[in-house]
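Next up, input-v1.tsv (TSV, C-alpha atoms):
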```tsv
chain	number	residue	atom	x	y	z
A	226	MET	CA	-11.83	-26.27	3.92
A	227	LYS	CA	-13.87	-24.85	1.09
A	228	VAL	CA	-12.32	-22.61	-1.54
A	229	VAL	CA	-14.28	-20.14	-3.66
A	230	MET	CA	-12.63	-18.59	-6.70
A	231	TRP	CA	-14.07	-15.05	-6.73
A	232	GLY	CA	-11.49	-13.81	-9.21
A	233	THR	CA	-9.15	-15.76	-11.47
A	234	ARG	CA	-7.75	-13.18	-13.90
A	235	GLY	CA	-4.29	-11.64	-13.78
A	236	SER	CA	-2.98	-8.20	-14.61
A	237	GLN	CA	-6.23	-6.49	-15.55
A	238	ALA	CA	-9.95	-7.14	-15.22
A	239	SER	CA	-11.22	-8.43	-18.53
A	240	PRO	CA	-14.99	-8.93	-18.57
A	241	GLY	CA	-16.73	-9.69	-21.85
A	242	PRO	CA	-18.46	-12.33	-23.88
A	243	ASP	CA	-15.20	-14.21	-24.47
A	244	THR	CA	-14.36	-14.57	-20.77
A	245	VAL	CA	-17.73	-15.45	-19.28
A	246	ARG	CA	-16.87	-18.92	-18.01
A	247	TYR	CA	-13.34	-18.39	-16.68
A	248	GLY	CA	-14.24	-14.90	-15.50
A	249	GLY	CA	-12.95	-11.40	-15.88
A	250	ASN	CA	-12.38	-10.40	-12.26
A	251	THR	CA	-8.83	-10.19	-10.99
A	252	VAL	CA	-7.65	-12.56	-8.32
A	253	CYS	CA	-9.45	-13.15	-5.05
A	254	VAL	CA	-9.89	-16.51	-3.33
A	255	GLN	CA	-12.00	-17.25	-0.27
A	256	VAL	CA	-11.05	-20.03	2.15
A	257	THR	CA	-13.58	-21.15	4.76
A	258	ASN	CA	-12.79	-23.75	7.39
A	259	ASP	CA	-15.25	-26.25	8.81
A	260	ALA	CA	-15.94	-23.92	11.75
A	261	GLY	CA	-17.04	-21.18	9.35
A	262	GLN	CA	-14.01	-18.92	9.84
A	263	VAL	CA	-13.13	-17.03	6.69
A	264	LEU	CA	-10.00	-15.69	5.11
A	265	LEU	CA	-9.58	-14.14	1.72
A	266	ILE	CA	-6.42	-14.16	-0.34
A	267	ASP	CA	-5.83	-11.08	-2.45
A	268	ALA	CA	-8.14	-8.19	-3.14
A	269	GLY	CA	-8.50	-8.03	-6.89
A	270	THR	CA	-11.81	-6.97	-8.36
A	271	GLY	CA	-13.24	-10.36	-7.36
A	272	ILE	CA	-13.27	-9.27	-3.72
A	273	ARG	CA	-16.28	-7.04	-4.37
A	274	ARG	CA	-18.56	-10.06	-4.78
A	275	ALA	CA	-16.84	-11.83	-1.88
A	276	GLY	CA	-17.71	-8.83	0.27
A	277	LEU	CA	-21.35	-8.99	-0.80
A	278	ALA	CA	-21.46	-12.66	0.14
A	279	LEU	CA	-19.99	-11.85	3.56
A	280	ARG	CA	-22.12	-8.72	4.10
A	281	GLU	CA	-24.39	-10.19	6.76
A	282	ARG	CA	-21.59	-11.88	8.64
A	283	HIS	CA	-20.32	-8.91	10.70
A	284	GLY	CA	-17.47	-10.90	12.24
A	285	ARG	CA	-13.75	-11.16	11.71
A	286	VAL	CA	-12.37	-11.56	8.23
A	287	ASP	CA	-8.69	-11.79	7.34
A	288	VAL	CA	-7.41	-10.63	3.95
A	289	LEU	CA	-3.98	-11.90	2.94
A	290	LEU	CA	-2.38	-9.75	0.26
A	291	SER	CA	0.30	-11.44	-1.79
A	292	HIS	CA	1.69	-8.11	-2.98
A	293	PHE	CA	0.54	-4.66	-4.01
A	294	HIS	CA	0.34	-4.76	-7.78
A	295	MET	CA	-2.97	-3.24	-8.84
A	296	ASP	CA	-4.63	-6.47	-9.91
A	297	HIS	CA	-4.27	-7.68	-6.31
A	298	VAL	CA	-5.56	-4.61	-4.45
A	299	GLN	CA	-7.88	-2.87	-6.89
A	300	GLY	CA	-11.06	-4.32	-5.39
A	301	LEU	CA	-10.21	-3.49	-1.80
A	302	GLY	CA	-12.02	-0.16	-1.82
A	303	PHE	CA	-15.22	-1.96	-2.78
A	304	PHE	CA	-15.02	-4.65	-0.08
A	305	ALA	CA	-18.26	-4.27	1.91
A	306	PRO	CA	-16.91	-5.30	5.35
A	307	LEU	CA	-14.58	-2.28	5.30
A	308	TYR	CA	-17.72	-0.09	5.56
A	309	ASP	CA	-19.39	-2.18	8.28
A	310	PRO	CA	-18.79	-0.78	11.78
A	311	ALA	CA	-19.47	-4.24	13.21
A	312	ALA	CA	-16.81	-5.94	11.07
A	313	GLU	CA	-13.27	-6.68	12.17
A	314	VAL	CA	-11.00	-6.69	9.12
A	315	HIS	CA	-7.37	-7.80	9.29
A	316	LEU	CA	-5.13	-6.97	6.34
A	317	TRP	CA	-1.84	-8.84	5.98
A	318	GLY	CA	0.89	-8.28	3.44
A	319	PRO	CA	4.60	-7.72	2.86
A	320	SER	CA	6.16	-4.43	3.84
A	321	THR	CA	9.37	-3.11	2.31
A	322	PRO	CA	12.43	-1.80	4.17
A	323	ASN	CA	11.13	1.75	3.70
A	324	LEU	CA	7.33	1.48	3.55
A	325	ASP	CA	4.97	-0.35	5.88
A	326	VAL	CA	1.77	-1.97	4.66
A	327	HIS	CA	-0.35	1.02	5.68
A	328	ALA	CA	1.81	3.36	3.64
A	329	ARG	CA	1.82	1.04	0.65
A	330	LEU	CA	-1.99	0.69	0.72
A	331	THR	CA	-2.46	4.42	1.16
A	332	ARG	CA	-0.80	5.00	-2.18
A	333	TYR	CA	-3.96	3.60	-3.72
A	334	LEU	CA	-6.62	4.15	-1.04
A	335	SER	CA	-6.36	7.93	-0.95
A	336	PRO	CA	-7.14	10.82	-3.31
A	337	PRO	CA	-6.69	11.30	-6.19
A	338	LEU	CA	-6.86	7.57	-6.98
A	339	PHE	CA	-9.66	6.80	-4.49
A	340	PRO	CA	-12.02	9.12	-2.59
A	341	VAL	CA	-12.05	7.28	0.75
A	342	ARG	CA	-8.99	7.28	2.99
A	343	LEU	CA	-8.02	4.22	5.01
A	344	ARG	CA	-8.34	6.18	8.24
A	345	ASP	CA	-11.95	7.05	7.43
A	346	LEU	CA	-13.13	3.45	7.10
A	347	PRO	CA	-15.73	2.63	9.79
A	348	CYS	CA	-14.79	-1.01	10.35
A	349	ASN	CA	-12.43	-2.19	13.06
A	350	LEU	CA	-9.35	-2.30	10.83
A	351	HIS	CA	-6.09	-4.01	11.73
A	352	ILE	CA	-3.12	-3.76	9.38
A	353	HIS	CA	-0.29	-6.23	9.90
A	354	ASP	CA	3.23	-5.67	8.60
A	355	THR	CA	3.85	-9.28	7.82
A	356	ALA	CA	7.21	-10.98	8.00
A	357	PRO	CA	7.83	-14.32	6.31
A	358	GLY	CA	6.84	-17.17	8.62
A	359	ARG	CA	3.73	-18.17	10.56
A	360	LEU	CA	0.76	-15.80	10.81
A	361	ASP	CA	-1.42	-15.78	13.89
A	362	ILE	CA	-4.92	-16.20	12.41
A	363	PRO	CA	-7.64	-18.02	14.37
A	364	GLY	CA	-8.77	-21.26	12.78
A	365	PHE	CA	-5.97	-21.49	10.24
A	366	ALA	CA	-2.28	-22.29	10.21
A	367	VAL	CA	-0.94	-19.82	7.65
A	368	THR	CA	2.66	-19.59	6.47
A	369	ALA	CA	3.93	-16.73	4.32
A	370	ALA	CA	7.12	-16.91	2.27
A	371	LEU	CA	8.71	-14.71	-0.36
A	372	ILE	CA	8.46	-16.10	-3.87
A	373	CYS	CA	10.02	-15.17	-7.18
A	374	HIS	CA	8.11	-12.15	-8.57
A	375	PRO	CA	9.14	-8.50	-9.00
A	376	GLY	CA	8.98	-6.70	-5.63
A	377	PRO	CA	8.33	-8.32	-2.26
A	378	THR	CA	5.66	-10.96	-2.96
A	379	PHE	CA	4.28	-13.62	-0.68
A	380	GLY	CA	3.01	-17.05	-1.46
A	381	TYR	CA	0.85	-18.57	1.25
A	382	ARG	CA	0.32	-22.04	2.64
A	383	VAL	CA	-2.99	-22.46	4.50
A	384	GLU	CA	-3.78	-25.46	6.66
A	385	ALA	CA	-7.02	-26.26	8.47
A	386	ASP	CA	-9.23	-29.27	9.10
A	387	ALA	CA	-6.21	-31.54	8.40
A	388	GLN	CA	-6.09	-30.21	4.82
A	389	SER	CA	-3.65	-27.93	3.06
A	390	LEU	CA	-3.54	-25.54	0.15
A	391	ALA	CA	-0.87	-23.33	-1.33
A	392	TYR	CA	-1.53	-20.04	-3.11
A	393	LEU	CA	1.15	-18.80	-5.52
A	394	SER	CA	-0.72	-16.53	-7.89
A	395	ASP	CA	2.25	-14.57	-9.23
A	396	HIS	CA	5.26	-16.82	-9.45
A	397	GLU	CA	8.07	-17.35	-11.91
A	398	PRO	CA	10.08	-20.24	-10.45
A	399	MET	CA	11.52	-20.99	-13.87
A	400	LEU	CA	13.42	-17.70	-13.72
A	401	CYS	CA	15.69	-19.75	-11.47
A	402	GLU	CA	15.65	-22.54	-14.02
A	403	ARG	CA	18.56	-24.27	-12.38
A	404	GLY	CA	16.18	-24.84	-9.47
A	405	PHE	CA	14.02	-27.37	-11.20
A	406	ALA	CA	17.08	-29.41	-12.02
A	407	ALA	CA	18.78	-29.00	-8.67
A	408	GLY	CA	15.77	-29.78	-6.48
A	409	PRO	CA	14.06	-28.26	-3.47
A	410	ALA	CA	16.94	-26.12	-2.18
A	411	THR	CA	16.88	-23.75	-5.14
A	412	THR	CA	13.21	-23.91	-6.15
A	413	SER	CA	11.25	-20.80	-5.22
A	414	GLY	CA	8.04	-21.69	-3.38
A	415	TYR	CA	8.97	-25.30	-2.76
A	416	ASP	CA	8.45	-25.39	1.00
A	417	LEU	CA	5.09	-23.62	0.74
A	418	ALA	CA	3.70	-26.05	-1.78
A	419	ALA	CA	5.32	-29.36	-0.88
A	420	ASP	CA	2.75	-32.17	-0.74
A	421	VAL	CA	-0.30	-29.87	-0.57
A	422	ASP	CA	-3.78	-31.16	-1.20
A	423	LEU	CA	-4.59	-28.19	-3.45
A	424	LEU	CA	-2.18	-25.91	-5.30
A	425	LEU	CA	-3.44	-22.63	-6.78
A	426	HIS	CA	-0.70	-21.54	-9.17
A	427	ASP	CA	0.10	-18.94	-11.78
A	428	ALA	CA	-0.36	-20.18	-15.37
A	429	GLN	CA	-0.53	-16.85	-17.15
A	430	TYR	CA	1.36	-17.46	-20.38
A	431	SER	CA	1.69	-19.76	-23.32
A	432	ASP	CA	5.22	-20.83	-24.24
A	433	ALA	CA	5.25	-18.36	-27.13
A	434	GLU	CA	4.14	-15.45	-24.93
A	435	TYR	CA	6.78	-16.23	-22.32
A	436	GLU	CA	9.59	-15.76	-24.82
A	437	THR	CA	9.09	-11.99	-24.71
A	438	ARG	CA	8.06	-11.79	-21.04
A	439	VAL	CA	10.88	-13.48	-19.15
A	440	GLY	CA	11.34	-11.75	-15.81
A	441	TRP	CA	7.82	-10.35	-15.65
A	442	GLY	CA	7.11	-12.67	-12.73
A	443	HIS	CA	4.75	-15.23	-14.21
A	444	SER	CA	4.67	-18.83	-15.32
A	445	THR	CA	3.57	-20.60	-18.45
A	446	LEU	CA	1.12	-23.45	-18.16
A	447	GLY	CA	4.10	-25.77	-18.67
A	448	HIS	CA	6.03	-24.19	-15.81
A	449	CYS	CA	2.94	-24.46	-13.61
A	450	LEU	CA	2.58	-28.17	-14.36
A	451	ALA	CA	6.28	-28.83	-13.81
A	452	PHE	CA	6.16	-27.01	-10.47
A	453	ALA	CA	3.04	-28.93	-9.40
A	454	ALA	CA	4.79	-32.18	-10.24
A	455	ALA	CA	7.98	-31.16	-8.43
A	456	VAL	CA	6.14	-30.34	-5.20
A	457	ARG	CA	3.85	-33.40	-5.49
A	458	ALA	CA	0.63	-31.38	-5.27
A	459	ARG	CA	-2.41	-33.67	-5.29
A	460	HIS	CA	-4.75	-31.25	-7.07
A	461	LEU	CA	-3.98	-28.17	-9.14
A	462	VAL	CA	-5.91	-25.06	-10.10
A	463	PRO	CA	-4.00	-23.12	-12.79
A	464	PHE	CA	-5.13	-19.48	-12.70
A	465	HIS	CA	-4.08	-15.81	-12.86
A	466	HIS	CA	-5.13	-16.02	-16.50
A	467	ASP	CA	-3.74	-13.52	-18.96
A	468	PRO	CA	-6.35	-10.87	-19.91
A	469	SER	CA	-5.95	-11.83	-23.57
A	470	HIS	CA	-6.81	-15.49	-22.98
A	471	ASP	CA	-10.44	-16.23	-23.83
A	472	ASP	CA	-12.52	-19.18	-22.67
A	473	ALA	CA	-11.68	-21.29	-25.71
A	474	LEU	CA	-7.94	-20.92	-25.19
A	475	LEU	CA	-8.24	-21.66	-21.46
A	476	ASP	CA	-10.30	-24.78	-22.26
A	477	ALA	CA	-7.39	-25.87	-24.44
A	478	PHE	CA	-4.94	-25.16	-21.59
A	479	VAL	CA	-6.96	-27.36	-19.24
A	480	ALA	CA	-7.29	-30.14	-21.82
A	481	HIS	CA	-3.54	-30.09	-22.36
A	482	ALA	CA	-2.84	-30.13	-18.61
A	483	ARG	CA	-5.18	-33.09	-18.11
A	484	LYS	CA	-3.22	-35.20	-20.58
A	485	GLY	CA	-0.93	-35.85	-17.65
A	486	GLN	CA	2.30	-35.68	-19.64
A	487	VAL	CA	3.98	-33.40	-17.11
A	488	TYR	CA	1.80	-33.50	-14.00
A	489	GLY	CA	-0.07	-36.63	-13.02
A	490	GLY	CA	-2.42	-35.12	-10.44
A	491	ASP	CA	-5.94	-33.80	-10.84
A	492	VAL	CA	-6.37	-30.51	-12.72
A	493	ILE	CA	-9.34	-28.31	-11.80
A	494	ALA	CA	-10.25	-25.55	-14.25
A	495	GLY	CA	-9.56	-22.14	-12.70
A	496	MET	CA	-12.99	-20.67	-13.34
A	497	GLU	CA	-14.64	-17.80	-11.51
A	498	ASP	CA	-17.24	-18.99	-8.97
A	499	VAL	CA	-15.81	-22.50	-8.82
A	500	VAL	CA	-16.10	-23.94	-5.33
A	501	VAL	CA	-13.57	-26.58	-4.28
A	502	ASP	CA	-14.31	-28.68	-1.20
A	503	VAL	CA	-10.75	-29.62	-0.32
A	504	GLY	CA	-11.89	-32.28	2.14
A	505	ALA	CA	-13.92	-34.01	-0.57
A	506	LEU	CA	-11.07	-34.22	-3.05
A	507	THR	CA	-9.85	-37.74	-3.56
B	280	MET	CA	17.54	-30.49	1.74
B	281	ALA	CA	15.67	-27.43	2.97
B	282	GLN	CA	14.75	-24.64	0.59
B	283	GLN	CA	17.14	-21.68	0.72
B	284	PRO	CA	15.89	-18.12	1.28
B	285	LEU	CA	14.58	-16.63	-1.96
B	286	GLN	CA	17.31	-13.99	-1.97
B	287	LEU	CA	20.01	-16.66	-2.09
B	288	ILE	CA	18.21	-18.47	-4.89
B	289	LEU	CA	18.02	-15.23	-6.89
B	290	MET	CA	21.62	-14.24	-6.13
B	291	ARG	CA	22.81	-17.65	-7.24
B	292	GLU	CA	20.83	-17.33	-10.44
B	293	LEU	CA	22.19	-13.83	-11.10
B	294	ALA	CA	25.74	-15.02	-10.44
B	295	ASP	CA	25.23	-17.88	-12.87
B	296	HIS	CA	24.58	-15.32	-15.62
B	297	LEU	CA	27.58	-13.08	-14.93
B	298	ALA	CA	31.13	-13.12	-16.26
B	299	THR	CA	32.20	-11.45	-13.02
B	300	PRO	CA	33.45	-14.06	-10.54
B	301	VAL	CA	30.94	-14.29	-7.66
B	302	PHE	CA	31.03	-16.28	-4.41
B	303	VAL	CA	27.85	-16.61	-2.26
B	304	VAL	CA	27.55	-17.78	1.35
B	305	ASN	CA	24.53	-18.13	3.62
B	306	ALA	CA	24.04	-16.51	7.03
B	307	GLU	CA	26.04	-19.27	8.71
B	308	GLY	CA	28.95	-18.70	6.32
B	309	THR	CA	28.42	-21.94	4.42
B	310	LEU	CA	29.41	-21.64	0.79
B	311	GLU	CA	26.20	-21.98	-1.22
B	312	PHE	CA	27.52	-21.25	-4.69
B	313	TYR	CA	30.27	-19.79	-6.80
B	314	ASN	CA	29.89	-19.26	-10.51
B	315	GLU	CA	31.95	-20.57	-13.39
B	316	PRO	CA	34.23	-17.48	-13.63
B	317	ALA	CA	35.01	-17.85	-9.91
B	318	GLY	CA	35.68	-21.52	-10.52
B	319	LEU	CA	38.33	-20.60	-13.09
B	320	LEU	CA	40.14	-18.51	-10.45
B	321	LEU	CA	39.79	-21.10	-7.71
B	322	GLY	CA	40.80	-24.00	-9.93
B	323	LEU	CA	37.72	-26.12	-9.36
B	324	ARG	CA	34.11	-25.85	-10.47
B	325	PHE	CA	31.40	-25.52	-7.80
B	326	GLU	CA	29.87	-28.76	-9.04
B	327	GLU	CA	33.11	-30.45	-7.99
B	328	THR	CA	33.30	-28.94	-4.51
B	329	GLY	CA	29.66	-28.53	-3.46
B	330	PRO	CA	28.76	-26.57	-0.32
B	331	MET	CA	31.60	-25.97	2.15
B	332	ALA	CA	31.62	-24.79	5.76
B	333	ALA	CA	33.21	-21.38	6.41
B	334	ASP	CA	36.32	-22.77	8.11
B	335	VAL	CA	36.93	-25.02	5.11
B	336	TRP	CA	36.63	-22.49	2.28
B	337	ALA	CA	38.41	-19.78	4.29
B	338	SER	CA	41.59	-21.85	4.44
B	339	ARG	CA	41.34	-24.10	1.40
B	340	PHE	CA	42.73	-21.53	-1.03
B	341	THR	CA	45.59	-20.49	1.30
B	342	PRO	CA	44.98	-16.73	1.23
B	343	THR	CA	47.97	-14.49	1.97
B	344	ASP	CA	48.86	-10.81	1.80
B	345	GLU	CA	51.43	-9.29	-0.57
B	346	HIS	CA	54.26	-10.45	1.71
B	347	GLY	CA	53.06	-14.04	1.81
B	348	VAL	CA	51.76	-13.72	5.34
B	349	PRO	CA	48.67	-15.93	5.81
B	350	ILE	CA	45.37	-14.09	6.12
B	351	THR	CA	43.19	-15.53	8.86
B	352	ALA	CA	39.54	-16.24	8.23
B	353	ASP	CA	38.49	-13.25	10.35
B	354	GLU	CA	40.51	-10.93	8.09
B	355	LEU	CA	38.90	-12.06	4.84
B	356	PRO	CA	36.46	-9.53	3.35
B	357	LEU	CA	33.68	-12.09	3.03
B	358	VAL	CA	33.95	-13.19	6.65
B	359	ARG	CA	34.10	-9.55	7.76
B	360	ALA	CA	31.03	-8.79	5.68
B	361	LEU	CA	29.16	-11.63	7.30
B	362	ARG	CA	30.28	-11.19	10.90
B	363	GLY	CA	30.61	-7.43	10.92
B	364	ALA	CA	27.56	-6.90	8.71
B	365	SER	CA	29.45	-4.32	6.71
B	366	PRO	CA	31.13	-4.25	3.30
B	367	GLY	CA	34.82	-5.02	2.95
B	368	HIS	CA	37.56	-4.88	0.34
B	369	ARG	CA	41.20	-5.99	0.15
B	370	ARG	CA	43.88	-7.43	-2.08
B	371	ILE	CA	44.73	-11.05	-1.48
B	372	TRP	CA	46.85	-13.77	-3.04
B	373	ILE	CA	45.46	-17.29	-3.23
B	374	GLN	CA	46.80	-20.69	-4.12
B	375	SER	CA	44.39	-21.95	-6.74
B	376	LEU	CA	43.55	-25.64	-6.64
B	377	ASP	CA	45.07	-26.00	-10.12
B	378	GLY	CA	48.40	-24.90	-8.61
B	379	ALA	CA	48.46	-21.32	-9.89
B	380	ARG	CA	49.09	-18.41	-7.55
B	381	ARG	CA	46.63	-15.62	-8.19
B	382	HIS	CA	46.43	-11.98	-7.14
B	383	LEU	CA	42.84	-10.90	-6.52
B	384	GLU	CA	40.91	-7.82	-5.52
B	385	VAL	CA	37.99	-8.94	-3.36
B	386	THR	CA	34.90	-6.87	-2.57
B	387	ALA	CA	32.33	-8.39	-0.22
B	388	PHE	CA	29.02	-7.16	1.12
B	389	PRO	CA	26.35	-8.56	3.44
B	390	MET	CA	22.83	-9.25	2.20
B	391	PHE	CA	19.86	-8.32	4.36
B	392	GLY	CA	16.27	-9.42	3.76
B	393	ILE	CA	13.31	-7.06	3.61
B	394	THR	CA	12.70	-7.42	7.32
B	395	GLY	CA	16.34	-6.73	8.12
B	396	GLU	CA	17.48	-10.27	8.75
B	397	LEU	CA	20.93	-11.32	7.57
B	398	ILE	CA	20.52	-13.66	4.60
B	399	GLY	CA	24.20	-14.18	3.77
B	400	ALA	CA	27.02	-12.40	1.98
B	401	THR	CA	28.46	-12.13	-1.50
B	402	ALA	CA	32.02	-11.56	-2.70
B	403	LEU	CA	33.10	-10.31	-6.13
B	404	PHE	CA	36.59	-11.25	-7.32
B	405	TRP	CA	38.77	-9.35	-9.76
B	406	GLU	CA	42.06	-10.86	-10.90
B	407	THR	CA	44.95	-8.40	-10.96
B	408	ALA	CA	47.67	-9.02	-13.49
```
What is this structure when it is put down as structure tokens?
Amino acid sequence: MKVVMWGTRGSQASPGPDTVRYGGNTVCVQVTNDAGQVLLIDAGTGIRRAGLALRERHGRVDVLLSHFHMDHVQGLGFFAPLYDPAAEVHLWGPSTPNLDVHARLTRYLSPPLFPVRLRDLPCNLHIHDTAPGRLDIPGFAVTAALICHPGPTFGYRVEADAQSLAYLSDHEPMLCERGFAAGPATTSGYDLAADVDLLLHDAQYSDAEYETRVGWGHSTLGHCLAFAAAVRARHLVPFHHDPSHDDALLDAFVAHARKGQVYGGDVIAGMEDVVVDVGALT
Amino acid sequence: MAQQPLQLILMRELADHLATPVFVVNAEGTLEFYNEPAGLLLGLRFEETGPMAADVWASRFTPTDEHGVPITADELPLVRALRGASPGHRRIWIQSLDGARRHLEVTAFPMFGITGELIGATALFWETA
């Protein structure tokens, strides 16, 4: 599997001279298996460039939405395959007891917030109300599970080519702080991330920032490292960077993580446009 | 040990931050957690009992009605909430494990996940003087 980080930012797009290297686009990750099948996880503003890269492909593409906060769906209306009559686009995401995925997406993809309605898109669009469990996606074994974040939010485990990754972009496992002490049974996201080759995990806050943001659904870098250690992830990409965190601060985050005091695995900087060949990781 | 459903993890965490006595079971009826205030009523902390099967916790505290007539497991609000998938409430008397006899109001309700599946049930206790 190859992973492309098209968007690494959380909460709000934050382009500018101070965020050039880690990127300003909100979260979107592309996963491609050895057979060339593609799935994307989340549709933040980073999905616009993913769509341009896939423009000539014209085949099936699956988009897994973790949840429907704006930073995870804002780029969807600018995803080129949605406007390609030859493309087959599958959207997956959590429904609620009262609203299906179509209804939840329509709240954004309709006037007055957006000029194009979902029903007017020319692609062959399939919308899946996704329950926790296995998803039927060709070329990948995908598992969705609810994780600790406000509103129904999925984390995903993706397996292909005898490799595995877990994607938990918005995750506050430390809200259940007893969990880290008590072990797997009470740790949100544990089963998704256990023993993965590559863990993509929320590291939005510093310790000082977290003090006033408990319950907002995100982790500190320290929580991220503790979680990665608890699930025995082999490689870690901390991401979903806070909009206020510039490149210099994120360099410091990575340097701290690589000291190995909490997590002994390999830490890969969560930069926009980084490509990770999961099969080549040692 | 397998990871519990997220809703049980969150309910356990909420209960751990309440002064209201709370008792949480999973969809099979296995006791997953009760908080410290519930432990004071039951006479033993959860850390001392650990998880218990439904038939064990339903009889361990010797629940009776106001006349001292034993209440069967099927008549307990928590079991009714779980098996009948509907809320329940009643007054009960229990024999606490510290030897005290306690008069409780018990309100129980089932918990369903976002796709409608039964996750478990929760009971709130209120001691009546």
field: Contact set, chain B to chain A: 6 Å, all atoms listed in the file, as an MDAnalysis selection string
entry: chainID B and resid 280:283 288 292 393
query: In Å, with one decimal, what is the gap from atom CA of A:Phe365 to atom CA of A:Ala418?
result: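 Computing it gives 16.1 Å between the two atoms.
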- prompt: At what distance in Å, to one decimal, does atom CA of A:Ala369 lie from atom CA of A:Glu281?
  reply: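 For atom CA of A:Glu281 relative to atom CA of A:Ala369, the distance reads 29.2 Å.
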message: Which residues are near B:Thr401? Cut-off 8 Å, all atoms listed in the file, ignore same chain within fewer than 6 positions. Put them as a VMD selection string.
response: chain B and resid 301 to 304 357 387 to 390
message: Between atom CA of A:Leu343 and atom CA of A:Gly302, what is the distance in Å, rounded to a tenth?
response: 9.0 Å
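Each of A:Val500, A:Gly447, A:Thr331, A:Asn258 was checked against A:Val383 using only C-alpha atoms; the smallest atom-to-atom distance is that of A:Asn258.
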message: Show me, as a PyMOL selection string, the residues that have an atom within 8 Å of stretch 307-315 of chain B when counting all atoms listed in the file, minus same-chain residues fewer than 6 positions from it.
response: chain B and resi 291+294-295+297+300-301+324-325+329-333+336+358+361+399-400
query: Near stretch 286-290 of chain A, counting all atoms listed in the file, which residues have an atom at most 6 Å away, once you skip same-chain residues fewer than 6 positions from it, shown as a PyMOL selection string?
result: chain A and resi 263-267+314-318
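Of the residues listed (A:Lys227, A:Arg280, A:His297, A:Arg234), A:Arg234 shows the shortest atom-to-atom separation from A:Gln429; distances use only C-alpha atoms.
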message: Taking 3 positions as the minimum chain separation for residues in the same chain, which residues sit within 10 Å of A:Ala453 when counting all atoms listed in the file? Answer as an NGL selection string.
response: :A and (415 or 418-421 or 423-426 or 447-450 or 456-463 or 487-490)
- request: Quick one: everything within 12 Å of B:Leu355, counting only C-alpha atoms, minus sequence neighbours fewer than 2 positions away in the same chain. Send it as a VMD selection string.
  value: chain B and resid 333 to 334 336 to 338 340 to 344 349 to 353 357 to 363 366 to 373 384 to 388 402
Output of the above residues as a compact mmCIF listing (two decimals), in the coordinates of the input, restricted to C-alpha atoms:
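After the write, result-v6.txt holds the following:
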```txt
# COMPACT_ATOMS: atom_id res chain seq x y z
CA ALA B 333 33.21 -21.38 6.41
CA ASP B 334 36.32 -22.77 8.11
CA TRP B 336 36.63 -22.49 2.28
CA ALA B 337 38.41 -19.78 4.29
CA SER B 338 41.59 -21.85 4.44
CA PHE B 340 42.73 -21.53 -1.03
CA THR B 341 45.59 -20.49 1.30
CA PRO B 342 44.98 -16.73 1.23
CA THR B 343 47.97 -14.49 1.97
CA ASP B 344 48.86 -10.81 1.80
CA PRO B 349 48.67 -15.93 5.81
CA ILE B 350 45.37 -14.09 6.12
CA THR B 351 43.19 -15.53 8.86
CA ALA B 352 39.54 -16.24 8.23
CA ASP B 353 38.49 -13.25 10.35
CA LEU B 357 33.68 -12.09 3.03
CA VAL B 358 33.95 -13.19 6.65
CA ARG B 359 34.10 -9.55 7.76
CA ALA B 360 31.03 -8.79 5.68
CA LEU B 361 29.16 -11.63 7.30
CA ARG B 362 30.28 -11.19 10.90
CA GLY B 363 30.61 -7.43 10.92
CA PRO B 366 31.13 -4.25 3.30
CA GLY B 367 34.82 -5.02 2.95
CA HIS B 368 37.56 -4.88 0.34
CA ARG B 369 41.20 -5.99 0.15
CA ARG B 370 43.88 -7.43 -2.08
CA ILE B 371 44.73 -11.05 -1.48
CA TRP B 372 46.85 -13.77 -3.04
CA ILE B 373 45.46 -17.29 -3.23
CA GLU B 384 40.91 -7.82 -5.52
CA VAL B 385 37.99 -8.94 -3.36
CA THR B 386 34.90 -6.87 -2.57
CA ALA B 387 32.33 -8.39 -0.22
CA PHE B 388 29.02 -7.16 1.12
CA ALA B 402 32.02 -11.56 -2.70
```
query: Counting only C-alpha atoms, which of B:Leu293, B:Ala298, B:Leu397, B:Ala379 gets nearest to B:Ala364?
result: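 Ranking B:Leu293, B:Ala298, B:Leu397, B:Ala379 by distance to B:Ala364, first place goes to B:Leu397.
Among the candidates A:Ala494, A:Met399, A:Val479, A:Val228, the residue lying nearest to A:Ala451 is A:Met399 (atoms considered: all atoms listed in the file).
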task: With only C-alpha atoms counted, which protein, DNA or RNA residues have an atom no more than 9 Å from (-0.5, -16.5, -12.3) in the file frame? Please answer as a VMD selection string.
output: chain A and resid 233 to 236 393 to 397 425 to 430 442 to 445 449 463 to 467
Since the input is missing atoms for stretch 376-380 of chain B, could you rebuild it with N, CA and C atoms and give the result as an mmCIF file, keeping the file's coordinate frame?
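And here's part_8.cif as it stands now:
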```cif
data_model
loop_
_atom_site.group_PDB
_atom_site.id
_atom_site.type_symbol
_atom_site.label_atom_id
_atom_site.label_comp_id
_atom_site.auth_asym_id
_atom_site.auth_seq_id
_atom_site.Cartn_x
_atom_site.Cartn_y
_atom_site.Cartn_z
ATOM 1 N N LEU B 376 43.474 -24.185 -6.743
ATOM 2 C CA LEU B 376 43.550 -25.640 -6.640
ATOM 3 C C LEU B 376 44.178 -26.280 -7.881
ATOM 4 N N ASP B 377 44.351 -25.466 -8.952
ATOM 5 C CA ASP B 377 45.070 -26.000 -10.120
ATOM 6 C C ASP B 377 46.562 -25.682 -10.023
ATOM 7 N N GLY B 378 46.987 -25.143 -8.865
ATOM 8 C CA GLY B 378 48.400 -24.900 -8.610
ATOM 9 C C GLY B 378 48.855 -23.478 -8.877
ATOM 10 N N ALA B 379 48.054 -22.689 -9.563
ATOM 11 C CA ALA B 379 48.460 -21.320 -9.890
ATOM 12 C C ALA B 379 48.305 -20.401 -8.678
ATOM 13 N N ARG B 380 49.218 -19.423 -8.594
ATOM 14 C CA ARG B 380 49.090 -18.410 -7.550
ATOM 15 C C ARG B 380 48.449 -17.188 -8.178
#
```
